[in-house]
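Text of input_34.cif, listed as mmCIF, C-alpha atoms and all ligand atoms:
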```cif
data_final
#
loop_
_atom_site.group_PDB
_atom_site.id
_atom_site.type_symbol
_atom_site.label_atom_id
_atom_site.label_comp_id
_atom_site.auth_asym_id
_atom_site.auth_seq_id
_atom_site.Cartn_x
_atom_site.Cartn_y
_atom_site.Cartn_z
ATOM 1 C CA MET A 124 247.606 8.422 -98.873
ATOM 2 C CA PHE A 125 243.992 7.628 -99.913
ATOM 3 C CA ASP A 126 240.843 8.371 -97.915
ATOM 4 C CA PHE A 127 237.903 6.007 -98.424
ATOM 5 C CA LYS A 128 236.461 6.441 -94.924
ATOM 6 C CA ASN A 129 233.002 4.806 -94.747
ATOM 7 C CA LYS A 130 232.948 4.220 -98.521
ATOM 8 C CA ILE A 131 231.344 0.944 -99.611
ATOM 9 C CA VAL A 132 233.711 -1.056 -101.813
ATOM 10 C CA PHE A 133 232.580 -4.250 -103.588
ATOM 11 C CA ILE A 134 235.481 -6.424 -104.821
ATOM 12 C CA THR A 135 235.197 -9.688 -106.762
ATOM 13 C CA GLY A 136 237.911 -12.294 -106.361
ATOM 14 C CA ALA A 137 238.793 -10.537 -103.097
ATOM 15 C CA GLY A 138 239.772 -13.781 -101.392
ATOM 16 C CA ALA A 139 243.297 -13.968 -102.824
ATOM 17 C CA GLY A 140 245.956 -12.331 -104.967
ATOM 18 C CA LEU A 141 245.311 -8.894 -106.460
ATOM 19 C CA GLY A 142 241.713 -8.747 -105.212
ATOM 20 C CA LEU A 143 242.869 -9.336 -101.646
ATOM 21 C CA GLY A 144 245.624 -6.747 -102.162
ATOM 22 C CA CYS A 145 242.957 -4.230 -103.227
ATOM 23 C CA ALA A 146 240.742 -5.161 -100.269
ATOM 24 C CA ILE A 147 243.644 -4.561 -97.861
ATOM 25 C CA GLY A 148 244.466 -1.223 -99.524
ATOM 26 C CA PHE A 149 240.876 0.038 -99.332
ATOM 27 C CA ALA A 150 240.502 -1.285 -95.763
ATOM 28 C CA LYS A 151 243.612 0.614 -94.647
ATOM 29 C CA ALA A 152 242.060 3.726 -96.234
ATOM 30 C CA GLY A 153 238.921 3.337 -94.091
ATOM 31 C CA ALA A 154 236.498 1.615 -96.486
ATOM 32 C CA LYS A 155 233.893 -1.048 -95.722
ATOM 33 C CA ILE A 156 234.626 -4.063 -97.907
ATOM 34 C CA ALA A 157 232.200 -6.501 -99.548
ATOM 35 C CA VAL A 158 234.442 -9.529 -100.115
ATOM 36 C CA ALA A 159 233.022 -11.491 -103.063
ATOM 37 C CA ASP A 160 234.653 -14.761 -104.082
ATOM 38 C CA LEU A 161 233.892 -18.238 -105.415
ATOM 39 C CA SER A 162 235.917 -19.824 -102.617
ATOM 40 C CA GLU A 163 234.249 -19.746 -99.193
ATOM 41 C CA LYS A 164 237.588 -20.600 -97.588
ATOM 42 C CA ALA A 165 239.291 -17.656 -99.297
ATOM 43 C CA VAL A 166 236.444 -15.336 -98.226
ATOM 44 C CA ALA A 167 236.796 -16.475 -94.599
ATOM 45 C CA SER A 168 240.538 -15.951 -94.510
ATOM 46 C CA ALA A 169 240.291 -12.549 -96.247
ATOM 47 C CA ILE A 170 237.596 -11.439 -93.779
ATOM 48 C CA ALA A 171 239.858 -12.446 -90.855
ATOM 49 C CA GLU A 172 242.732 -10.407 -92.330
ATOM 50 C CA LEU A 173 240.540 -7.355 -93.027
ATOM 51 C CA THR A 174 238.861 -7.514 -89.624
ATOM 52 C CA ALA A 175 242.302 -7.522 -87.989
ATOM 53 C CA LEU A 176 242.912 -4.222 -89.809
ATOM 54 C CA GLY A 177 239.745 -2.838 -88.205
ATOM 55 C CA ALA A 178 237.602 -2.916 -91.356
ATOM 56 C CA ASP A 179 233.868 -3.568 -91.550
ATOM 57 C CA THR A 180 233.339 -6.457 -93.944
ATOM 58 C CA LEU A 181 230.607 -8.426 -95.673
ATOM 59 C CA ALA A 182 231.244 -12.022 -96.770
ATOM 60 C CA LEU A 183 229.784 -12.832 -100.191
ATOM 61 C CA HIS A 184 230.026 -16.218 -101.826
ATOM 62 C CA GLY A 185 229.296 -16.590 -105.550
ATOM 63 C CA ASP A 186 230.429 -17.185 -109.108
ATOM 64 C CA VAL A 187 230.772 -14.030 -111.217
ATOM 65 C CA SER A 188 229.957 -15.996 -114.382
ATOM 66 C CA LYS A 189 226.415 -16.654 -113.094
ATOM 67 C CA ALA A 190 223.904 -13.807 -113.347
ATOM 68 C CA SER A 191 221.890 -14.961 -110.320
ATOM 69 C CA ASP A 192 225.022 -15.139 -108.126
ATOM 70 C CA VAL A 193 226.130 -11.674 -109.206
ATOM 71 C CA GLN A 194 222.688 -10.168 -108.584
ATOM 72 C CA SER A 195 222.523 -11.825 -105.172
ATOM 73 C CA MET A 196 225.967 -10.505 -104.140
ATOM 74 C CA ILE A 197 225.083 -6.961 -105.271
ATOM 75 C CA ASP A 198 221.663 -7.159 -103.562
ATOM 76 C CA GLN A 199 223.260 -8.328 -100.286
ATOM 77 C CA THR A 200 225.721 -5.429 -100.396
ATOM 78 C CA VAL A 201 222.968 -2.857 -100.962
ATOM 79 C CA ALA A 202 220.722 -4.506 -98.334
ATOM 80 C CA THR A 203 223.572 -4.275 -95.793
ATOM 81 C CA TRP A 204 225.041 -0.861 -96.516
ATOM 82 C CA GLY A 205 222.503 0.855 -98.792
ATOM 83 C CA ARG A 206 224.901 1.730 -101.613
ATOM 84 C CA ILE A 207 228.028 0.812 -103.579
ATOM 85 C CA ASP A 208 230.588 3.594 -103.949
ATOM 86 C CA VAL A 209 233.332 1.593 -105.641
ATOM 87 C CA ALA A 210 233.226 -1.708 -107.523
ATOM 88 C CA VAL A 211 236.410 -3.560 -108.424
ATOM 89 C CA ASN A 212 235.693 -6.290 -110.977
ATOM 90 C CA ASN A 213 238.794 -8.339 -110.409
ATOM 91 C CA ALA A 214 237.893 -12.061 -110.418
ATOM 92 C CA GLY A 215 239.721 -13.803 -113.235
ATOM 93 C CA ILE A 216 241.247 -17.114 -114.200
ATOM 94 C CA SER A 217 243.765 -18.477 -116.697
ATOM 95 C CA ALA A 218 243.660 -21.482 -119.011
ATOM 96 C CA PRO A 219 246.291 -24.148 -119.681
ATOM 97 C CA ILE A 220 249.133 -22.805 -121.864
ATOM 98 C CA ARG A 221 248.412 -24.223 -125.362
ATOM 99 C CA PRO A 222 248.672 -23.123 -129.016
ATOM 100 C CA VAL A 223 245.313 -22.364 -130.622
ATOM 101 C CA ALA A 224 245.162 -25.657 -132.580
ATOM 102 C CA GLU A 225 245.232 -27.566 -129.291
ATOM 103 C CA THR A 226 242.832 -25.440 -127.246
ATOM 104 C CA LEU A 227 239.640 -26.873 -125.779
ATOM 105 C CA GLU A 228 236.073 -25.590 -125.952
ATOM 106 C CA GLU A 229 235.601 -26.114 -122.216
ATOM 107 C CA ASP A 230 238.619 -23.864 -121.463
ATOM 108 C CA TYR A 231 237.251 -21.181 -123.811
ATOM 109 C CA ASP A 232 233.865 -21.240 -122.052
ATOM 110 C CA ARG A 233 235.440 -21.186 -118.587
ATOM 111 C CA VAL A 234 237.888 -18.325 -119.215
ATOM 112 C CA MET A 235 235.489 -16.170 -121.221
ATOM 113 C CA GLY A 236 232.734 -16.938 -118.697
ATOM 114 C CA VAL A 237 234.685 -15.617 -115.721
ATOM 115 C CA ASN A 238 236.989 -12.997 -117.276
ATOM 116 C CA LEU A 239 234.562 -11.387 -119.731
ATOM 117 C CA LYS A 240 230.975 -12.427 -118.960
ATOM 118 C CA GLY A 241 231.757 -12.003 -115.257
ATOM 119 C CA VAL A 242 232.908 -8.414 -115.762
ATOM 120 C CA TRP A 243 229.845 -7.678 -117.914
ATOM 121 C CA LEU A 244 227.387 -9.192 -115.385
ATOM 122 C CA CYS A 245 229.018 -7.307 -112.520
ATOM 123 C CA MET A 246 229.103 -3.992 -114.394
ATOM 124 C CA ARG A 247 225.458 -4.350 -115.416
ATOM 125 C CA ALA A 248 224.304 -4.965 -111.836
ATOM 126 C CA GLU A 249 226.636 -2.319 -110.356
ATOM 127 C CA LEU A 250 225.564 0.334 -112.878
ATOM 128 C CA GLN A 251 221.903 -0.211 -112.005
ATOM 129 C CA VAL A 252 222.735 0.594 -108.362
ATOM 130 C CA MET A 253 225.079 3.486 -109.196
ATOM 131 C CA LEU A 254 222.624 5.099 -111.635
ATOM 132 C CA LYS A 255 219.960 5.097 -108.911
ATOM 133 C CA GLN A 256 222.295 6.689 -106.355
ATOM 134 C CA ASN A 257 223.790 8.954 -109.088
ATOM 135 C CA SER A 258 227.392 8.244 -108.077
ATOM 136 C CA GLY A 259 230.045 5.550 -108.170
ATOM 137 C CA CYS A 260 233.295 4.347 -109.655
ATOM 138 C CA ILE A 261 233.963 1.057 -111.416
ATOM 139 C CA VAL A 262 237.498 -0.277 -111.843
ATOM 140 C CA ASN A 263 237.938 -3.399 -113.968
ATOM 141 C CA MET A 264 240.994 -5.633 -113.679
ATOM 142 C CA ALA A 265 242.309 -5.926 -117.232
ATOM 143 C CA SER A 266 245.971 -6.823 -117.825
ATOM 144 C CA ALA A 267 249.069 -5.826 -119.745
ATOM 145 C CA LEU A 268 247.720 -8.669 -121.898
ATOM 146 C CA SER A 269 244.889 -6.360 -122.949
ATOM 147 C CA GLN A 270 247.613 -4.481 -124.876
ATOM 148 C CA ARG A 271 250.132 -7.218 -125.766
ATOM 149 C CA VAL A 272 249.863 -10.865 -126.787
ATOM 150 C CA TYR A 273 251.341 -13.828 -124.931
ATOM 151 C CA PRO A 274 251.697 -16.913 -127.148
ATOM 152 C CA CYS A 275 249.661 -19.937 -126.046
ATOM 153 C CA ALA A 276 247.388 -17.840 -123.815
ATOM 154 C CA SER A 277 244.865 -16.922 -126.524
ATOM 155 C CA PHE A 278 241.717 -17.210 -124.397
ATOM 156 C CA TYR A 279 243.180 -15.155 -121.546
ATOM 157 C CA VAL A 280 244.550 -12.502 -123.928
ATOM 158 C CA THR A 281 241.254 -12.359 -125.847
ATOM 159 C CA SER A 282 239.248 -11.993 -122.653
ATOM 160 C CA LYS A 283 241.446 -9.110 -121.479
ATOM 161 C CA PHE A 284 241.351 -7.298 -124.862
ATOM 162 C CA ALA A 285 237.562 -7.584 -124.584
ATOM 163 C CA VAL A 286 237.506 -6.252 -121.003
ATOM 164 C CA ALA A 287 239.456 -3.224 -122.244
ATOM 165 C CA GLY A 288 236.893 -2.700 -125.024
ATOM 166 C CA MET A 289 233.931 -3.101 -122.687
ATOM 167 C CA THR A 290 235.486 -0.707 -120.167
ATOM 168 C CA ARG A 291 235.965 2.006 -122.778
ATOM 169 C CA THR A 292 232.520 1.504 -124.319
ATOM 170 C CA ALA A 293 230.707 1.665 -120.977
ATOM 171 C CA ALA A 294 232.806 4.657 -119.893
ATOM 172 C CA VAL A 295 231.663 6.612 -122.942
ATOM 173 C CA GLU A 296 228.036 5.498 -122.502
ATOM 174 C CA TYR A 297 227.947 6.900 -118.943
ATOM 175 C CA ALA A 298 230.347 9.838 -119.377
ATOM 176 C CA ASN A 299 227.448 12.282 -119.004
ATOM 177 C CA THR A 300 226.698 10.899 -115.509
ATOM 178 C CA PRO A 301 228.837 11.139 -112.331
ATOM 179 C CA ILE A 302 229.830 7.461 -112.784
ATOM 180 C CA ARG A 303 233.384 6.820 -113.974
ATOM 181 C CA ILE A 304 234.555 3.495 -115.419
ATOM 182 C CA ASN A 305 238.245 2.640 -115.810
ATOM 183 C CA ALA A 306 240.570 -0.348 -115.850
ATOM 184 C CA VAL A 307 244.037 -1.151 -114.623
ATOM 185 C CA CYS A 308 246.397 -3.218 -116.766
ATOM 186 C CA PRO A 309 248.878 -4.943 -114.455
ATOM 187 C CA GLY A 310 252.057 -6.687 -115.445
ATOM 188 C CA ASN A 311 252.989 -9.922 -113.701
ATOM 189 C CA VAL A 312 252.543 -10.330 -109.955
ATOM 190 C CA ALA A 313 253.324 -13.589 -108.107
ATOM 191 C CA THR A 314 249.758 -14.403 -107.060
ATOM 192 C CA PRO A 315 248.254 -17.902 -106.746
ATOM 193 C CA LEU A 316 246.987 -17.556 -110.363
ATOM 194 C CA VAL A 317 250.478 -16.895 -111.750
ATOM 195 C CA LEU A 318 252.198 -19.429 -109.503
ATOM 196 C CA SER A 319 249.767 -22.145 -110.657
ATOM 197 C CA THR A 320 250.315 -21.361 -114.373
ATOM 198 C CA VAL A 321 254.030 -20.548 -114.720
ATOM 199 C CA ASP A 322 257.157 -22.172 -113.216
ATOM 200 C CA ASP A 323 259.770 -19.690 -114.379
ATOM 201 C CA LEU A 324 259.146 -16.420 -112.528
ATOM 202 C CA ASP A 325 262.502 -14.997 -113.723
ATOM 203 C CA SER A 326 261.395 -15.126 -117.342
ATOM 204 C CA LEU A 327 258.105 -13.443 -116.400
ATOM 205 C CA ALA A 328 260.022 -10.718 -114.548
ATOM 206 C CA SER A 329 262.251 -10.173 -117.586
ATOM 207 C CA LEU A 330 259.218 -9.113 -119.672
ATOM 208 C CA HIS A 331 259.073 -5.853 -117.713
ATOM 209 C CA ALA A 332 261.480 -3.016 -118.496
ATOM 210 C CA MET A 333 262.114 -2.813 -114.728
ATOM 211 C CA LYS A 334 263.110 -6.518 -114.728
ATOM 212 C CA ARG A 335 261.052 -7.417 -111.672
ATOM 213 C CA LEU A 336 257.551 -8.561 -110.831
ATOM 214 C CA GLY A 337 254.960 -6.160 -109.451
ATOM 215 C CA THR A 338 253.315 -6.412 -106.035
ATOM 216 C CA PRO A 339 249.631 -6.534 -105.052
ATOM 217 C CA GLU A 340 250.147 -3.198 -103.223
ATOM 218 C CA GLU A 341 251.361 -1.503 -106.408
ATOM 219 C CA VAL A 342 248.290 -2.702 -108.306
ATOM 220 C CA ALA A 343 245.994 -1.713 -105.419
ATOM 221 C CA ASN A 344 247.437 1.818 -105.429
ATOM 222 C CA ALA A 345 246.538 2.209 -109.117
ATOM 223 C CA VAL A 346 243.026 0.846 -108.474
ATOM 224 C CA MET A 347 242.548 3.237 -105.542
ATOM 225 C CA PHE A 348 243.743 6.177 -107.654
ATOM 226 C CA LEU A 349 241.102 5.371 -110.303
ATOM 227 C CA ALA A 350 238.459 4.926 -107.573
ATOM 228 C CA SER A 351 239.312 8.229 -105.881
ATOM 229 C CA ASP A 352 238.465 11.848 -106.647
ATOM 230 C CA LEU A 353 242.134 12.331 -107.573
ATOM 231 C CA SER A 354 241.219 10.817 -110.951
ATOM 232 C CA SER A 355 238.068 12.919 -111.448
ATOM 233 C CA PHE A 356 238.858 13.547 -115.163
ATOM 234 C CA ASN A 357 239.610 9.858 -115.888
ATOM 235 C CA THR A 358 237.015 7.687 -117.535
ATOM 236 C CA GLY A 359 237.687 4.967 -120.097
ATOM 237 C CA THR A 360 241.333 4.927 -118.963
ATOM 238 C CA LEU A 361 243.355 1.724 -119.281
ATOM 239 C CA LEU A 362 246.084 2.403 -116.722
ATOM 240 C CA PRO A 363 249.241 0.289 -117.079
ATOM 241 C CA VAL A 364 250.887 -0.878 -113.823
ATOM 242 C CA ASP A 365 253.487 -2.975 -115.546
ATOM 243 C CA GLY A 366 257.049 -1.894 -114.819
ATOM 244 C CA GLY A 367 257.357 -0.525 -118.348
ATOM 245 C CA TRP A 368 256.378 -3.799 -120.105
ATOM 246 C CA THR A 369 254.007 -2.201 -122.609
ATOM 247 C CA ALA A 370 256.162 0.932 -122.968
ATOM 248 C CA GLN A 371 258.835 -1.110 -124.758
HETATM 249 N N1 LIG B 1 248.641 -11.935 -111.144
HETATM 250 C C1 LIG B 1 248.971 -11.279 -112.244
HETATM 251 O O1 LIG B 1 250.145 -11.224 -112.641
HETATM 252 C C2 LIG B 1 247.914 -10.555 -113.020
HETATM 253 C C3 LIG B 1 248.351 -9.671 -114.014
HETATM 254 C C4 LIG B 1 247.391 -8.976 -114.737
HETATM 255 C C5 LIG B 1 246.045 -9.150 -114.468
HETATM 256 N N2 LIG B 1 245.673 -10.039 -113.502
HETATM 257 C C6 LIG B 1 244.247 -10.180 -113.270
HETATM 258 O O2 LIG B 1 243.988 -9.903 -111.920
HETATM 259 C C7 LIG B 1 242.834 -10.611 -111.487
HETATM 260 C C8 LIG B 1 243.158 -11.378 -110.230
HETATM 261 O O3 LIG B 1 244.202 -12.277 -110.539
HETATM 262 P P1 LIG B 1 245.064 -12.956 -109.413
HETATM 263 O O4 LIG B 1 246.402 -13.169 -110.027
HETATM 264 O O5 LIG B 1 244.948 -12.222 -108.144
HETATM 265 O O6 LIG B 1 244.316 -14.372 -109.313
HETATM 266 P P2 LIG B 1 244.210 -15.393 -108.050
HETATM 267 O O7 LIG B 1 243.894 -16.716 -108.649
HETATM 268 O O8 LIG B 1 245.427 -15.267 -107.248
HETATM 269 O O9 LIG B 1 242.947 -14.849 -107.251
HETATM 270 C C9 LIG B 1 241.704 -14.783 -107.898
HETATM 271 C C10 LIG B 1 240.570 -14.899 -106.911
HETATM 272 O O10 LIG B 1 239.375 -14.892 -107.701
HETATM 273 C C11 LIG B 1 238.515 -15.931 -107.235
HETATM 274 N N3 LIG B 1 237.678 -16.399 -108.342
HETATM 275 C C12 LIG B 1 238.050 -17.210 -109.370
HETATM 276 N N4 LIG B 1 237.006 -17.467 -110.155
HETATM 277 C C13 LIG B 1 235.940 -16.808 -109.621
HETATM 278 C C14 LIG B 1 234.575 -16.703 -109.984
HETATM 279 N N5 LIG B 1 234.098 -17.348 -111.058
HETATM 280 N N6 LIG B 1 233.763 -15.939 -109.222
HETATM 281 C C15 LIG B 1 234.245 -15.304 -108.109
HETATM 282 N N7 LIG B 1 235.531 -15.386 -107.730
HETATM 283 C C16 LIG B 1 236.369 -16.123 -108.469
HETATM 284 C C17 LIG B 1 239.453 -17.015 -106.726
HETATM 285 O O11 LIG B 1 238.783 -17.879 -105.812
HETATM 286 C C18 LIG B 1 240.574 -16.191 -106.104
HETATM 287 O O12 LIG B 1 240.310 -15.926 -104.739
HETATM 288 C C19 LIG B 1 242.419 -11.493 -112.663
HETATM 289 O O13 LIG B 1 241.408 -10.859 -113.407
HETATM 290 C C20 LIG B 1 243.692 -11.577 -113.474
HETATM 291 O O14 LIG B 1 243.437 -11.856 -114.819
HETATM 292 C C21 LIG B 1 246.569 -10.738 -112.766
#
```
Conversion result in C-alpha cells:
Amino acid sequence: MFDFKNKIVFITGAGAGLGLGCAIGFAKAGAKIAVADLSEKAVASAIAELTALGADTLALHGDVSKASDVQSMIDQTVATWGRIDVAVNNAGISAPIRPVAETLEEDYDRVMGVNLKGVWLCMRAELQVMLKQNSGCIVNMASALSQRVYPCASFYVTSKFAVAGMTRTAAVEYANTPIRINAVCPGNVATPLVLSTVDDLDSLASLHAMKRLGTPEEVANAVMFLASDLSSFNTGTLLPVDGGWTAQ
C-alpha cells in the first residue's frame, strides 16, 4: 500500500512493540531502517527480523533521554546514508501505577526523561538534519492518553499531553518549510510495555468502543500515512488509532 523505496527511516525504540511494528511496516514498503534502541539485544533481534524481510538496516544503541546518545545516533545515520527522510520518535516507558500522593521523584524523572525529553532531543537533532536537506517528516508516538486521563498513571499521561503540545508547536514553527510534524495517538496494544504494566487485558480492551486491543500493524499504518505524501496537507495532526476510545 505504501511506497518508501530507498527512503531513510530513523525509529527510536525500534527493538520491540510498536517501534518494531513500524520498522517492519516501513521495511516491507522498501525503506532502509535505522534501528535505535536502548537494548542491544532488542536491536540485534529486530535487525535479524528486518534483514529477513530484505531491508537494509543500521543498528544504533543509545538512550533517547541523553543528548549525546541522540546526537551520536543521528550522526551515525547521516554518516551511513547521508540523510533522514522519516523520523519516528517512538521510545517510551511507563511508571508504576500509583495515585499522585504516592508517586516517586525518580519515576517522574525517568518517565519525563524518556517520553518527553527524549522526543524533544530527537526532534531537535532530526530538525537540524531535515532543515539542511530541506525535506523530511517527523512522526511522534503520543497516545490516546494525550487526550484522556488514566487514573494512577499521572506521569505517563502528563508526558503524552506534553508530547502532543510539543508536536503541535513544532509543526506550526516549521509549517513554512517542507518539513511536516505529526503524532499518532494509539489506544492499547499488547506490547511488552503494556504486558509488564497491566494484568487485565480484557479491561484495557473494554476502554475502546470496538472492545478489542489494537495491533502494531494498525499503528504502523497510521504512522506510515503521516510519513507519506498521502498526508501532504497534515501537519500538527494528532491522529487517533484507538478503536473509538477517544470518540466516546
Ligand atoms: N502499547 C501501547 O498500548 C501504547 C499505546 C499508546 C502509546 N504507546 C507508546 O508507544 C511507544 C512504544 O511503546 P511500546 O508499547 O511499543 O513499548 P515497549 O516497551 O514494548 O517497547 C519500547 C522499546 O523502546 C525501548 N526503549 C525504552 N527506553 C528507551 C530509551 N531511553 N532509549 C531508547 N530506547 C528505549 C525499549 O528497549 C523497547 O525496545 C511508547 O512511546 C508508548 O508510550 C504505546
Margin query: Can you tell me which residues surround stretch 254-256 of chain A at a distance of at most 12 Å, considering only C-alpha atoms, apart from same-chain residues fewer than 2 positions away, and format the answer as a PyMOL selection string?
Written below: chain A and resi 201+205-208+246-252+258-260+297-303
Checklist line | Interatomic distance (Å, one decimal) between atom CA of A:Thr360 and atom CA of A:Lys189 | finding: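 The value is 26.9 Å.
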Next item on the list: Please return, as a list in words, all polymer residues that have at least one atom within 7 Å of the point (250.5, -6.6, -111.5); use all atoms listed in the file and the file's own coordinate frame.
Entry: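 Residues found, by chain and rising number: Pro309, Gly310, Asn311, Val312, Gly337, Thr338, Pro339, Val342, Val364 and Asp365 of chain A.
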Next item on the list: Collect all residues with atoms no farther than 6 Å from ligand LIG 1 (chain B), counting all atoms listed in the file, and output them as a PyMOL selection string.
Entry: chain A and resi 135-142+160-162+165+185-188+213-216+237+264-266+309-317
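Shortest atom-to-atom contact with A:Met235 among A:Asn305, A:Thr174, A:Ser277, A:Ser168: A:Ser277, counting only C-alpha atoms.
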Spatial neighbours of A:Glu340, 8 Å, only C-alpha atoms, chain gap at least 6 places, as a PDB file with C-alpha atoms, keeping the file's coordinate frame:
```
ATOM      1  CA  GLY A 144     245.624  -6.747-102.162  1.00  0.00           C
ATOM      2  CA  CYS A 145     242.957  -4.230-103.227  1.00  0.00           C
ATOM      3  CA  GLY A 148     244.466  -1.223 -99.524  1.00  0.00           C
TER       4      GLY A 148
END
```
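When atom CA of A:Asp323 is paired with atom CA of A:Gly367, their separation reads 19.7 Å.
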Checklist line | Given all atoms listed in the file as the counted atoms, nearest of A:Gln270, A:Thr180, A:Ser282, A:Thr200 to A:Lys240 | finding: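 With all atoms listed in the file as the atom set, the closest residue is A:Ser282.
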Next item on the list: Return as a ChimeraX atom specification the set of residues that the PyMOL selection byres (((chain A and resi 294) around 7) and not hetatm) yields on the displayed structure.
Entry: /A:290-293,295-298,303-304,358-359
Next item on the list: For the file shown, report as a VMD selection string the outcome of the PyMOL selection byres (((chain A and resi 361) around 6) and not hetatm) at residue level.
Entry: chain A and resid 306 to 307 360 362
Next item on the list: Pick out the closest residue to A:Ala154 from this set: A:Leu324, A:Ile134, A:Ala287, A:Ile197. Count only C-alpha atoms.
Entry: A:Ile134
Notebook entry, point to check: Counting only C-alpha atoms, which of A:Asp322, A:Glu172, A:Glu225, A:Glu163 gets nearest to A:Ala150?
Noted result: A:Glu172
Check: Written as a VMD selection string, which residues does the PyMOL selection byres (((chain A and resi 234) around 9) and not hetatm) give for the file shown?
Finding: chain A and resid 215 to 218 229 to 233 235 to 239 278 to 279 282
Notebook entry, point to check: For the atom pair atom CA of A:Lys334 and atom CA of A:Gly366, what is the interatomic distance in Å to one decimal place?
Noted result: 7.6 Å
Next item on the list: Would you list the contacts of A:Phe125 as a list in words, taking every protein, DNA or RNA residue within 8 Å and counting all atoms listed in the file, but skipping same-chain residues closer than 2 positions in sequence?
Entry: Phe127, Ala152, Met347, Phe348 and Ser351 of chain A
